[in-house]
file start_20.txt (compact mmCIF, C-alpha atoms)
# COMPACT_ATOMS: atom_id res chain seq x y z
CA MET A 697 0.00 0.00 0.00
CA ALA A 698 1.30 3.39 -1.01
CA SER A 699 1.54 6.12 1.64
CA THR A 700 -0.22 9.47 1.22
CA GLN A 701 3.07 11.04 0.26
CA GLU A 702 3.79 8.35 -2.33
CA ILE A 703 0.31 8.74 -3.76
CA GLN A 704 0.72 12.50 -4.06
CA ALA A 705 4.11 12.10 -5.76
CA GLY A 706 2.76 9.41 -8.12
CA LEU A 707 -0.25 11.54 -9.00
CA ALA A 708 2.00 14.55 -9.65
CA GLU A 709 4.04 12.41 -12.07
CA ILE A 710 0.88 11.37 -13.94
CA LEU A 711 -0.37 14.97 -14.07
CA GLU A 712 2.93 16.10 -15.54
CA GLU A 713 2.95 13.32 -18.12
CA VAL A 714 -0.70 13.65 -19.20
CA ALA A 715 -1.41 17.36 -18.82
CA GLY A 716 1.97 19.08 -18.47
CA VAL A 717 1.28 20.18 -14.86
CA THR A 718 4.41 21.27 -12.95
CA PRO A 719 4.75 18.73 -10.08
CA ALA A 720 5.11 21.48 -7.44
CA ASP A 721 1.67 22.80 -8.45
CA ALA A 722 -0.08 19.47 -7.83
CA THR A 723 -1.04 20.20 -4.23
CA PRO A 724 -4.17 18.76 -2.54
CA GLU A 725 -6.32 21.92 -2.56
CA LYS A 726 -5.95 22.42 -6.34
CA SER A 727 -8.99 21.87 -8.55
CA PHE A 728 -8.14 19.91 -11.71
CA THR A 729 -10.30 21.97 -14.02
CA GLU A 730 -10.18 25.40 -12.33
CA ASP A 731 -6.55 25.59 -11.18
CA LEU A 732 -4.62 23.07 -13.25
CA ASP A 733 -6.44 23.51 -16.59
CA VAL A 734 -7.10 19.78 -16.96
CA ASP A 735 -10.07 19.10 -19.28
CA SER A 736 -12.60 16.26 -19.13
CA LEU A 737 -10.72 14.06 -21.61
CA SER A 738 -7.40 14.52 -19.81
CA MET A 739 -9.25 13.52 -16.61
CA VAL A 740 -10.03 10.21 -18.32
CA GLU A 741 -6.35 9.72 -19.18
CA ILE A 742 -5.37 10.58 -15.60
CA ALA A 743 -7.96 8.10 -14.30
CA THR A 744 -6.68 5.26 -16.48
CA ALA A 745 -3.06 6.05 -15.56
CA VAL A 746 -4.01 6.09 -11.84
CA GLU A 747 -5.80 2.75 -12.30
CA ASP A 748 -2.65 1.21 -13.82
CA LYS A 749 -0.29 2.72 -11.25
CA PHE A 750 -2.27 2.17 -8.04
CA GLY A 751 -4.45 -0.82 -8.94
CA VAL A 752 -7.74 0.95 -8.24
CA ALA A 753 -10.83 1.19 -10.46
CA ILE A 754 -12.32 4.64 -11.14
CA PRO A 755 -15.64 4.29 -12.99
CA ASP A 756 -16.87 7.38 -14.92
CA ASP A 757 -19.62 8.15 -12.37
CA GLN A 758 -17.06 8.25 -9.54
CA LEU A 759 -14.60 10.20 -11.66
CA ALA A 760 -17.19 12.98 -11.82
CA ASN A 761 -16.87 13.41 -8.03
CA ILE A 762 -13.10 13.82 -8.10
CA LYS A 763 -12.66 17.57 -8.34
CA THR A 764 -9.35 18.28 -6.58
CA VAL A 765 -5.96 16.64 -6.23
CA GLY A 766 -6.95 15.97 -2.59
CA ASP A 767 -10.14 14.16 -3.75
CA ALA A 768 -8.01 11.93 -5.96
CA ILE A 769 -5.55 11.17 -3.16
CA SER A 770 -8.41 10.24 -0.78
CA PHE A 771 -10.05 8.09 -3.45
CA ILE A 772 -6.83 6.17 -4.08
CA GLU A 773 -6.16 5.79 -0.34
CA SER A 774 -9.57 4.34 0.43
CA ASN A 775 -9.73 2.09 -2.66
CA GLN A 776 -6.23 0.68 -3.03
CA GLY A 777 -6.07 -2.99 -2.44
CA MET B 113 -26.72 -35.98 -46.07
CA THR B 114 -26.47 -34.19 -49.41
CA THR B 115 -23.33 -32.17 -49.75
CA LEU B 116 -23.42 -29.06 -51.86
CA LYS B 117 -21.11 -27.55 -54.39
CA LEU B 118 -19.38 -24.30 -53.42
CA ASP B 119 -18.09 -21.50 -55.62
CA ARG B 120 -14.42 -21.23 -56.23
CA GLY B 121 -13.22 -18.02 -54.66
CA ALA B 122 -10.13 -15.90 -55.11
CA PRO B 123 -6.88 -16.30 -53.17
CA GLY B 124 -7.14 -12.69 -52.06
CA ALA B 125 -8.76 -9.32 -52.55
CA ARG B 126 -7.34 -5.90 -53.17
CA ILE B 127 -8.45 -2.30 -53.33
CA LEU B 128 -8.30 -0.85 -56.86
CA GLY B 129 -9.19 2.78 -56.20
CA PHE B 130 -10.87 5.32 -53.95
CA GLY B 131 -13.37 8.12 -54.49
CA SER B 132 -14.77 10.87 -52.25
CA TYR B 133 -17.52 13.41 -52.02
CA ARG B 134 -17.17 16.34 -49.65
CA PRO B 135 -20.22 18.59 -49.28
CA ARG B 136 -19.82 22.13 -50.66
CA ARG B 137 -20.52 23.98 -47.45
CA ARG B 138 -17.54 24.57 -45.15
CA VAL B 139 -18.48 25.32 -41.54
CA THR B 140 -15.70 26.89 -39.50
CA ASN B 141 -15.42 26.92 -35.72
CA ASP B 142 -15.91 30.68 -35.80
CA GLU B 143 -19.27 30.23 -37.54
CA LEU B 144 -20.33 27.77 -34.82
CA ALA B 145 -19.15 30.20 -32.14
CA GLU B 146 -21.67 32.70 -33.51
CA ARG B 147 -24.50 30.18 -33.08
CA MET B 148 -23.63 28.72 -29.68
CA ASP B 149 -21.46 29.08 -26.61
CA THR B 150 -18.20 27.65 -27.97
CA ASN B 151 -15.00 28.88 -29.56
CA ASP B 152 -12.23 27.81 -31.92
CA GLU B 153 -9.67 27.23 -29.16
CA TRP B 154 -12.03 25.04 -27.12
CA ILE B 155 -13.00 22.90 -30.13
CA GLN B 156 -9.43 22.51 -31.41
CA ALA B 157 -8.16 21.56 -27.94
CA ARG B 158 -10.89 18.96 -27.27
CA VAL B 159 -11.39 17.29 -30.65
CA GLY B 160 -8.88 18.83 -33.06
CA ILE B 161 -11.47 19.99 -35.61
CA ALA B 162 -10.85 23.29 -37.45
CA GLU B 163 -13.71 23.02 -39.93
CA ARG B 164 -16.21 20.47 -41.21
CA ARG B 165 -18.58 20.04 -44.16
CA TRP B 166 -22.35 20.15 -43.76
CA ALA B 167 -24.48 18.83 -46.60
CA GLU B 168 -27.09 21.10 -48.15
CA PRO B 169 -30.58 19.77 -49.03
CA ASP B 170 -29.64 18.62 -52.54
CA GLU B 171 -26.57 16.76 -51.24
CA THR B 172 -28.58 13.74 -50.16
CA LEU B 173 -27.04 10.56 -48.82
CA VAL B 174 -27.76 8.87 -52.16
CA GLU B 175 -26.30 11.71 -54.25
CA MET B 176 -23.13 11.93 -52.15
CA SER B 177 -22.70 8.14 -52.21
CA VAL B 178 -23.24 7.97 -55.96
CA ALA B 179 -20.67 10.74 -56.47
CA ALA B 180 -18.06 9.02 -54.29
CA GLY B 181 -18.85 5.61 -55.79
CA GLY B 182 -18.58 6.97 -59.33
CA LYS B 183 -15.14 8.41 -58.63
CA ALA B 184 -13.98 5.16 -57.06
CA LEU B 185 -15.19 3.28 -60.14
CA ALA B 186 -13.32 5.69 -62.41
CA ALA B 187 -10.16 5.29 -60.31
CA SER B 188 -10.48 1.49 -60.44
CA GLY B 189 -10.58 1.26 -64.21
CA LEU B 190 -13.54 -1.14 -64.02
CA ASP B 191 -16.87 -0.60 -65.76
CA ALA B 192 -20.05 -0.35 -63.69
CA GLY B 193 -21.16 -3.53 -65.44
CA GLU B 194 -18.34 -5.51 -63.85
CA ILE B 195 -19.45 -4.74 -60.27
CA ASP B 196 -21.53 -7.48 -58.67
CA LEU B 197 -21.67 -6.32 -55.03
CA VAL B 198 -22.50 -2.85 -53.69
CA LEU B 199 -22.35 -2.12 -49.97
CA LEU B 200 -23.32 1.12 -48.29
CA ALA B 201 -22.05 1.62 -44.75
CA THR B 202 -24.18 4.28 -43.09
CA THR B 203 -25.71 5.16 -39.76
CA SER B 204 -27.80 8.03 -41.06
CA PRO B 205 -30.27 6.91 -43.77
CA PRO B 206 -33.30 9.21 -44.07
CA LYS B 207 -35.65 6.24 -43.68
CA ALA B 208 -35.28 2.66 -42.43
CA ILE B 209 -36.91 1.25 -45.59
CA PRO B 210 -35.71 0.76 -48.25
CA GLY B 211 -31.98 0.25 -47.84
CA LEU B 212 -30.11 2.61 -50.15
CA ALA B 213 -27.41 0.40 -51.70
CA PRO B 214 -29.73 -0.95 -54.50
CA ARG B 215 -30.73 2.57 -55.56
CA ILE B 216 -27.13 3.82 -55.46
CA ALA B 217 -26.10 0.84 -57.61
CA HIS B 218 -28.92 1.58 -60.05
CA GLN B 219 -27.92 5.23 -60.37
CA LEU B 220 -24.33 4.18 -61.03
CA GLY B 221 -25.48 1.81 -63.78
CA VAL B 222 -24.43 -1.33 -61.91
CA PRO B 223 -26.75 -4.07 -63.21
CA ARG B 224 -28.56 -6.08 -60.49
CA PRO B 225 -25.70 -6.49 -57.99
CA GLY B 226 -26.00 -7.95 -54.51
CA ALA B 227 -26.63 -4.76 -52.55
CA PHE B 228 -27.24 -3.95 -48.90
CA ASP B 229 -26.66 -1.35 -46.21
CA VAL B 230 -24.38 -1.94 -43.23
CA ASN B 231 -24.97 -0.17 -39.92
CA ALA B 232 -22.01 -0.81 -37.65
CA GLY B 233 -21.67 2.73 -36.33
CA CYS B 234 -18.48 4.51 -37.29
CA ALA B 235 -16.90 1.09 -37.86
CA GLY B 236 -19.32 0.48 -40.75
CA TRP B 237 -16.96 1.00 -43.67
CA CYS B 238 -14.29 -1.25 -42.16
CA TYR B 239 -16.94 -3.93 -41.52
CA ALA B 240 -18.17 -3.56 -45.11
CA LEU B 241 -14.63 -3.71 -46.53
CA SER B 242 -14.12 -6.98 -44.70
CA ALA B 243 -17.49 -8.35 -45.88
CA ALA B 244 -16.58 -7.45 -49.48
CA SER B 245 -13.13 -9.02 -49.21
CA ASP B 246 -14.63 -12.19 -47.74
CA ALA B 247 -17.37 -12.33 -50.43
CA ILE B 248 -14.67 -12.13 -53.10
CA ARG B 249 -12.49 -14.75 -51.42
CA SER B 250 -15.45 -17.13 -51.12
CA GLY B 251 -16.56 -16.58 -54.72
CA THR B 252 -19.90 -14.90 -53.88
CA ALA B 253 -18.69 -11.75 -55.62
CA ARG B 254 -15.94 -10.79 -58.02
CA ASN B 255 -15.84 -6.98 -57.86
CA ALA B 256 -17.32 -4.91 -55.05
CA LEU B 257 -18.04 -1.24 -54.50
CA VAL B 258 -17.78 -0.37 -50.81
CA ILE B 259 -19.20 3.03 -49.88
CA GLY B 260 -19.31 4.84 -46.55
CA GLY B 261 -21.80 7.71 -46.62
CA GLU B 262 -23.27 9.89 -43.91
CA ARG B 263 -25.54 12.86 -43.34
CA LEU B 264 -24.98 12.96 -39.61
CA THR B 265 -26.26 16.52 -39.42
CA ASP B 266 -29.77 15.07 -40.03
CA TYR B 267 -29.45 13.36 -36.64
CA THR B 268 -27.53 16.03 -34.76
CA ASN B 269 -29.05 18.86 -32.76
CA LEU B 270 -27.19 21.67 -34.49
CA GLU B 271 -27.71 23.92 -31.48
CA ASP B 272 -26.08 21.42 -29.09
CA ARG B 273 -22.48 22.47 -28.56
CA ALA B 274 -21.44 19.00 -27.34
CA THR B 275 -22.24 17.30 -30.65
CA ALA B 276 -22.79 19.99 -33.32
CA VAL B 277 -19.09 20.86 -33.33
CA ILE B 278 -18.13 17.22 -34.00
CA PHE B 279 -20.48 15.53 -36.49
CA ALA B 280 -20.41 16.19 -40.21
CA ASP B 281 -21.34 14.84 -43.63
CA GLY B 282 -19.65 13.23 -46.64
CA ALA B 283 -19.02 10.00 -48.52
CA GLY B 284 -15.99 7.89 -49.39
CA ALA B 285 -15.77 4.70 -51.45
CA ALA B 286 -13.43 2.01 -52.71
CA VAL B 287 -13.60 -0.63 -55.41
CA VAL B 288 -12.40 -4.07 -54.29
CA THR B 289 -11.53 -6.90 -56.66
CA ALA B 290 -10.22 -10.45 -56.68
CA SER B 291 -6.45 -10.87 -56.72
CA GLU B 292 -3.80 -13.56 -56.63
CA GLU B 293 -1.92 -11.77 -53.86
CA PRO B 294 -3.90 -10.95 -50.72
CA THR B 295 -3.60 -7.23 -49.94
CA ILE B 296 -6.57 -6.86 -47.61
CA GLY B 297 -5.72 -8.46 -44.28
CA PRO B 298 -8.14 -10.21 -41.95
CA ALA B 299 -10.50 -7.93 -40.01
CA VAL B 300 -10.16 -8.08 -36.26
CA TRP B 301 -13.66 -7.03 -35.37
CA GLY B 302 -15.93 -7.16 -32.38
CA SER B 303 -18.38 -5.26 -30.28
CA ASP B 304 -19.01 -4.18 -26.70
CA GLY B 305 -22.81 -4.13 -26.55
CA ASP B 306 -22.85 -3.31 -22.84
CA LEU B 307 -21.93 0.21 -23.96
CA HIS B 308 -24.88 0.49 -26.39
CA GLU B 309 -26.08 3.70 -24.76
CA ALA B 310 -22.73 5.49 -25.05
CA ILE B 311 -23.45 6.77 -28.58
CA ALA B 312 -27.18 6.78 -29.31
CA ILE B 313 -30.26 8.75 -30.21
CA PRO B 314 -32.25 8.79 -26.98
CA PRO B 315 -36.05 8.65 -27.46
CA ASP B 316 -36.60 11.96 -25.70
CA GLU B 317 -33.91 13.97 -27.45
CA THR B 318 -33.71 15.82 -30.72
CA GLY B 319 -30.31 14.50 -31.72
CA MET B 320 -27.49 12.09 -31.17
CA SER B 321 -25.92 11.99 -27.72
CA MET B 322 -22.47 10.75 -26.81
CA ALA B 323 -21.01 9.90 -23.41
CA GLY B 324 -17.72 11.59 -24.26
CA GLN B 325 -15.66 10.39 -21.32
CA ALA B 326 -16.88 6.79 -21.59
CA VAL B 327 -16.17 6.60 -25.33
CA TYR B 328 -12.79 8.29 -24.93
CA ARG B 329 -11.81 5.84 -22.20
CA TRP B 330 -12.98 2.85 -24.26
CA ALA B 331 -11.20 4.02 -27.40
CA THR B 332 -7.91 4.80 -25.67
CA THR B 333 -7.74 1.68 -23.50
CA LYS B 334 -9.44 -1.16 -25.41
CA LEU B 335 -8.57 -0.62 -29.05
CA THR B 336 -4.78 -0.66 -29.08
CA ASP B 337 -4.97 -4.45 -28.65
CA THR B 338 -7.29 -4.65 -31.68
CA LEU B 339 -4.73 -2.82 -33.80
CA VAL B 340 -1.86 -4.98 -32.56
CA GLU B 341 -3.91 -8.11 -33.31
CA ALA B 342 -4.83 -6.81 -36.80
CA MET B 343 -1.11 -6.41 -37.58
CA ARG B 344 -0.26 -9.82 -36.15
CA ARG B 345 -3.02 -11.55 -38.14
CA ALA B 346 -1.84 -9.85 -41.34
CA GLY B 347 1.76 -10.83 -40.64
CA VAL B 348 3.18 -7.32 -40.26
CA GLY B 349 4.54 -5.26 -37.38
CA PRO B 350 4.46 -1.57 -36.42
CA GLU B 351 7.72 -1.07 -38.37
CA ASP B 352 5.92 -2.10 -41.59
CA ILE B 353 3.09 0.43 -41.28
CA ASP B 354 3.43 3.34 -43.75
CA VAL B 355 0.01 4.87 -43.06
CA PHE B 356 -2.17 4.83 -39.95
CA ALA B 357 -5.77 5.71 -40.77
CA PRO B 358 -8.12 5.23 -37.84
CA HIS B 359 -11.70 6.50 -37.74
CA GLN B 360 -11.56 10.29 -37.47
CA ALA B 361 -13.42 10.75 -34.18
CA ASN B 362 -11.06 12.90 -32.15
CA LEU B 363 -7.51 14.06 -32.93
CA ARG B 364 -6.41 13.32 -29.37
CA ILE B 365 -7.51 9.69 -29.68
CA ILE B 366 -5.66 9.42 -33.01
CA GLU B 367 -2.41 10.83 -31.53
CA LEU B 368 -2.68 8.70 -28.39
CA MET B 369 -3.22 5.51 -30.41
CA ALA B 370 -0.26 6.31 -32.68
CA LYS B 371 1.94 6.88 -29.63
CA ARG B 372 0.85 3.64 -27.91
CA LEU B 373 1.41 1.59 -31.07
CA LYS B 374 5.00 2.89 -31.26
CA LEU B 375 4.68 3.49 -34.99
CA PRO B 376 7.91 4.52 -36.72
CA GLU B 377 8.73 8.23 -36.99
CA GLY B 378 7.95 8.38 -40.70
CA THR B 379 4.50 6.77 -40.51
CA VAL B 380 1.88 9.00 -42.13
CA ILE B 381 -1.00 9.56 -39.73
CA ALA B 382 -4.43 10.46 -41.12
CA ARG B 383 -5.64 13.71 -39.57
CA ASP B 384 -8.50 14.41 -41.96
CA ILE B 385 -10.67 15.21 -38.92
CA VAL B 386 -9.04 18.65 -38.82
CA ARG B 387 -10.91 19.71 -41.96
CA SER B 388 -13.72 17.16 -42.15
CA GLY B 389 -14.97 16.63 -38.59
CA ASN B 390 -16.34 13.23 -37.64
CA THR B 391 -18.09 11.69 -40.65
CA SER B 392 -18.64 8.26 -39.07
CA SER B 393 -18.65 5.51 -41.74
CA ALA B 394 -17.22 7.88 -44.34
CA SER B 395 -14.17 8.95 -42.35
CA VAL B 396 -11.68 6.19 -43.19
CA PRO B 397 -12.16 6.18 -47.00
CA LEU B 398 -12.28 10.01 -47.03
CA ALA B 399 -9.01 10.15 -45.09
CA LEU B 400 -7.28 7.55 -47.29
CA ASP B 401 -8.41 9.20 -50.52
CA ALA B 402 -7.15 12.58 -49.28
CA LEU B 403 -3.73 11.13 -48.35
CA LEU B 404 -3.37 9.46 -51.75
CA GLU B 405 -4.48 12.60 -53.56
CA SER B 406 -2.03 14.85 -51.67
CA GLY B 407 0.80 12.38 -52.26
CA GLU B 408 1.41 11.89 -48.52
CA ALA B 409 0.47 8.25 -49.07
CA LYS B 410 1.42 6.35 -52.20
CA SER B 411 0.51 3.22 -54.09
CA GLY B 412 1.89 0.12 -52.38
CA ASP B 413 1.92 1.67 -48.91
CA VAL B 414 0.85 -0.58 -46.07
CA ALA B 415 -2.03 1.03 -44.17
CA LEU B 416 -3.41 0.13 -40.76
CA LEU B 417 -7.13 0.93 -40.54
CA LEU B 418 -9.49 1.06 -37.60
CA GLY B 419 -13.19 1.76 -37.44
CA TYR B 420 -14.97 2.16 -34.09
CA GLY B 421 -18.15 3.72 -32.86
CA ALA B 422 -21.83 3.34 -31.97
CA GLY B 423 -22.77 -0.15 -30.85
CA LEU B 424 -20.11 -0.04 -29.62
CA THR B 425 -18.35 -1.72 -32.52
CA PHE B 426 -14.78 -1.92 -33.74
CA ALA B 427 -12.83 -3.38 -36.69
CA GLY B 428 -9.13 -3.16 -37.43
CA GLN B 429 -7.38 -4.39 -40.57
CA VAL B 430 -4.22 -3.93 -42.62
CA VAL B 431 -4.50 -3.15 -46.34
CA VAL B 432 -2.10 -2.29 -49.15
CA LEU B 433 -3.05 0.98 -50.85
CA PRO B 434 -3.81 1.02 -54.58
call {"tool": "encode", "arguments": {"input": "start_20.txt", "output": "structure tokens"}}
result
Amino acid sequence: MASTQEIQAGLAEILEEVAGVTPADATPEKSFTEDLDVDSLSMVEIATAVEDKFGVAIPDDQLANIKTVGDAISFIESNQG
Amino acid sequence: MTTLKLDRGAPGARILGFGSYRPRRRVTNDELAERMDTNDEWIQARVGIAERRWAEPDETLVEMSVAAGGKALAASGLDAGEIDLVLLATTSPPKAIPGLAPRIAHQLGVPRPGAFDVNAGCAGWCYALSAASDAIRSGTARNALVIGGERLTDYTNLEDRATAVIFADGAGAAVVTASEEPTIGPAVWGSDGDLHEAIAIPPDETGMSMAGQAVYRWATTKLTDTLVEAMRRAGVGPEDIDVFAPHQANLRIIELMAKRLKLPEGTVIARDIVRSGNTSSASVPLALDALLESGEAKSGDVALLLGYGAGLTFAGQVVVLP
């Protein structure tokens, strides 16, 4: 199981790769769409990359509830196997 | 039990020529921005479309298909009288009855061919190409005309910014004939019917709806394997692919697929979506014809094709270009 810190670092890596977000900007309070300029299709790519990296499943209806980096970290923490 | 005689088929099938029809009216993103809350930057960033063609009333599905089919016939060097199978891949006929392939054949002067419509969503033309190739290999047909034609704007709410910016009209066609050397590879086709609602015309809506995120996820995660399998079944690898021409649904999906397939640097990638939008069943032949016409693709090139769309359906195959 990955620690919160590891999850945040892993997520920052994915955000950089998929959407060109500077890792230092990927802090928990940031909104994907409002602050980091990530659009709905990039969210899908981030979700599938998170699924591969952390072994969690993020269905589309749950993806809609993930608004901030913090939401994503909590989701991964409570769903990782 | 009585056993029956079968026809003698051909060792392979090949494409002889392509033809296209693009509607006259160009619709730019700026024009759409005047009609609805959208803008050029937003559209280009999400789907990669700069402009698309919308058919006018006289550019019916039949007229566009006849025009594309006629050009493909001319490019093939065959006479209409030599064609014995006409397929129309479409998702947007004006009426369910009758199917349009017989009438298109008649208008082209093709005498009494086998003729039927194929509705396999945006994968329709690739399904039809495979059906034509198989008919030729089994001896049911000798020369086939395979058309993809759409008037998607008839089924799109042109005030809906989610779909009006994407869907468009046009027709593309190819003539397929028997050959000693197989140059149309096996189709790797299938469907995921659990996602039947992802692209559909809901009963209570005025136009087509699409679950964008669900389709994007499906296309970018499930279809790379289809393409890899299509290459394997045809006996080629990514290094052999000169042209990659997937269905023109979204430029980001096209780029992502090309990246995941690790196609060589010099592979020509069809990006006809930029000027044509998403023309469903017509997109693959339109894109291939445009690449051949511009000289970006040339005769003898090995092309990897992929159709995918409403159903959901998919079909990948490798062909050698005429």
call {"tool": "axis_aligned_box", "arguments": {"input": "start_20.txt", "around": "segment 387-404 of chain B", "padding_each_side": "3 Å", "output": "AutoDock Vina command-line options"}}
result
--center_x -11.0 --center_y 12.6 --center_z -44.7 --size_x 21.3 --size_y 20.2 --size_z 20.1
call {"tool": "interface_residues", "arguments": {"input": "start_20.txt", "of": "chain B", "to": "chain A", "cutoff": "9 Å", "atoms": "all atoms listed in the file", "output": "list of chain:residue names"}}
result
B:Arg158, B:Gly324, B:Gln325, B:Ala326, B:Tyr328, B:Arg329, B:Thr332, B:Thr333, B:Arg364
call {"tool": "residues_around", "arguments": {"input": "start_20.txt", "residues": "Gln429 of chain B", "least_positions_apart": "2", "cutoff": "12 Å", "atoms": "only C-alpha atoms", "output": "ChimeraX atom specification"}}
result
/B:235,237-242,245,295-301,338-348,353,356-358,396,414-420,426-427,431-432
call {"tool": "atom_distance", "arguments": {"input": "start_20.txt", "atom1": "atom CA of Ala399 of chain B", "atom2": "atom CA of Pro434 of chain B"}}
result
14.2 Å
call {"tool": "closest_residue", "arguments": {"input": "start_20.txt", "among": "B:Ile313, B:Ile385, B:Leu270, B:Leu197", "to": "Asp246 of chain B", "atoms": "only C-alpha atoms"}}
result
B:Leu197
call {"tool": "atom_distance", "arguments": {"input": "start_20.txt", "atom1": "atom CA of Glu351 of chain B", "atom2": "atom CA of Arg126 of chain B"}}
result
21.7 Å
call {"tool": "residues_near_point", "arguments": {"input": "start_20.txt", "point": "(-20.2, 24.1, -50.6)", "cutoff": "9 Å", "atoms": "all atoms listed in the file", "output": "ChimeraX atom specification"}}
result
/B:134-138,165-168
call {"tool": "residues_around", "arguments": {"input": "start_20.txt", "residues": "segment 702-706 of chain A", "least_positions_apart": "2", "cutoff": "12 Å", "atoms": "all atoms listed in the file", "output": "ChimeraX atom specification"}}
result
/A:697-700,708-713,718-725,742,745-751,764-774,776
call {"tool": "write_last_selection", "arguments": {"input": "start_20.txt", "atoms": "C-alpha atoms", "output": "compact mmCIF listing (two decimals), in the frame of the given file"}}
result
# COMPACT_ATOMS: atom_id res chain seq x y z
CA MET A 697 0.00 0.00 0.00
CA ALA A 698 1.30 3.39 -1.01
CA SER A 699 1.54 6.12 1.64
CA THR A 700 -0.22 9.47 1.22
CA ALA A 708 2.00 14.55 -9.65
CA GLU A 709 4.04 12.41 -12.07
CA ILE A 710 0.88 11.37 -13.94
CA LEU A 711 -0.37 14.97 -14.07
CA GLU A 712 2.93 16.10 -15.54
CA GLU A 713 2.95 13.32 -18.12
CA THR A 718 4.41 21.27 -12.95
CA PRO A 719 4.75 18.73 -10.08
CA ALA A 720 5.11 21.48 -7.44
CA ASP A 721 1.67 22.80 -8.45
CA ALA A 722 -0.08 19.47 -7.83
CA THR A 723 -1.04 20.20 -4.23
CA PRO A 724 -4.17 18.76 -2.54
CA GLU A 725 -6.32 21.92 -2.56
CA ILE A 742 -5.37 10.58 -15.60
CA ALA A 745 -3.06 6.05 -15.56
CA VAL A 746 -4.01 6.09 -11.84
CA GLU A 747 -5.80 2.75 -12.30
CA ASP A 748 -2.65 1.21 -13.82
CA LYS A 749 -0.29 2.72 -11.25
CA PHE A 750 -2.27 2.17 -8.04
CA GLY A 751 -4.45 -0.82 -8.94
CA THR A 764 -9.35 18.28 -6.58
CA VAL A 765 -5.96 16.64 -6.23
CA GLY A 766 -6.95 15.97 -2.59
CA ASP A 767 -10.14 14.16 -3.75
CA ALA A 768 -8.01 11.93 -5.96
CA ILE A 769 -5.55 11.17 -3.16
CA SER A 770 -8.41 10.24 -0.78
CA PHE A 771 -10.05 8.09 -3.45
CA ILE A 772 -6.83 6.17 -4.08
CA GLU A 773 -6.16 5.79 -0.34
CA SER A 774 -9.57 4.34 0.43
CA GLN A 776 -6.23 0.68 -3.03
call {"tool": "residues_around", "arguments": {"input": "start_20.txt", "residues": "Pro294 of chain B", "least_positions_apart": "5", "cutoff": "8 Å", "atoms": "all atoms listed in the file", "output": "list in words"}}
result
Pro123, Gly124, Ala125 and Arg126 of chain B
call {"tool": "closest_residue", "arguments": {"input": "start_20.txt", "among": "B:Ala402, B:Ala331, B:Ile161, B:Ala422", "to": "Gly389 of chain B", "atoms": "all atoms listed in the file"}}
result
B:Ile161
call {"tool": "atom_distance", "arguments": {"input": "start_20.txt", "atom1": "atom CA of Ile259 of chain B", "atom2": "atom CA of Arg164 of chain B"}}
result
19.7 Å
call {"tool": "residues_around", "arguments": {"input": "start_20.txt", "residues": "segment 178-191 of chain B", "least_positions_apart": "5", "cutoff": "12 Å", "atoms": "all atoms listed in the file", "output": "short mmCIF file (atom, residue, chain, number, x, y, z; two decimals) with C-alpha atoms, keeping the file's coordinate frame"}}
result
data_model
loop_
_atom_site.label_atom_id
_atom_site.label_comp_id
_atom_site.auth_asym_id
_atom_site.auth_seq_id
_atom_site.Cartn_x
_atom_site.Cartn_y
_atom_site.Cartn_z
CA ARG B 126 -7.34 -5.90 -53.17
CA ILE B 127 -8.45 -2.30 -53.33
CA LEU B 128 -8.30 -0.85 -56.86
CA GLY B 129 -9.19 2.78 -56.20
CA PHE B 130 -10.87 5.32 -53.95
CA GLY B 131 -13.37 8.12 -54.49
CA SER B 132 -14.77 10.87 -52.25
CA TYR B 133 -17.52 13.41 -52.02
CA ARG B 134 -17.17 16.34 -49.65
CA PRO B 135 -20.22 18.59 -49.28
CA GLU B 171 -26.57 16.76 -51.24
CA THR B 172 -28.58 13.74 -50.16
CA LEU B 173 -27.04 10.56 -48.82
CA ASP B 196 -21.53 -7.48 -58.67
CA VAL B 198 -22.50 -2.85 -53.69
CA LEU B 199 -22.35 -2.12 -49.97
CA LEU B 200 -23.32 1.12 -48.29
CA LEU B 212 -30.11 2.61 -50.15
CA ALA B 213 -27.41 0.40 -51.70
CA PRO B 214 -29.73 -0.95 -54.50
CA ARG B 215 -30.73 2.57 -55.56
CA ILE B 216 -27.13 3.82 -55.46
CA ALA B 217 -26.10 0.84 -57.61
CA HIS B 218 -28.92 1.58 -60.05
CA GLN B 219 -27.92 5.23 -60.37
CA LEU B 220 -24.33 4.18 -61.03
CA GLY B 221 -25.48 1.81 -63.78
CA VAL B 222 -24.43 -1.33 -61.91
CA PRO B 223 -26.75 -4.07 -63.21
CA ARG B 254 -15.94 -10.79 -58.02
CA ASN B 255 -15.84 -6.98 -57.86
CA ALA B 256 -17.32 -4.91 -55.05
CA LEU B 257 -18.04 -1.24 -54.50
CA VAL B 258 -17.78 -0.37 -50.81
CA ILE B 259 -19.20 3.03 -49.88
CA GLY B 260 -19.31 4.84 -46.55
CA GLY B 261 -21.80 7.71 -46.62
CA GLU B 262 -23.27 9.89 -43.91
CA GLY B 282 -19.65 13.23 -46.64
CA ALA B 283 -19.02 10.00 -48.52
CA GLY B 284 -15.99 7.89 -49.39
CA ALA B 285 -15.77 4.70 -51.45
CA ALA B 286 -13.43 2.01 -52.71
CA VAL B 287 -13.60 -0.63 -55.41
CA VAL B 288 -12.40 -4.07 -54.29
CA THR B 289 -11.53 -6.90 -56.66
CA ALA B 394 -17.22 7.88 -44.34
CA PRO B 397 -12.16 6.18 -47.00
CA LEU B 398 -12.28 10.01 -47.03
CA ASP B 401 -8.41 9.20 -50.52
CA LEU B 404 -3.37 9.46 -51.75
CA GLU B 405 -4.48 12.60 -53.56
CA PRO B 434 -3.81 1.02 -54.58
#
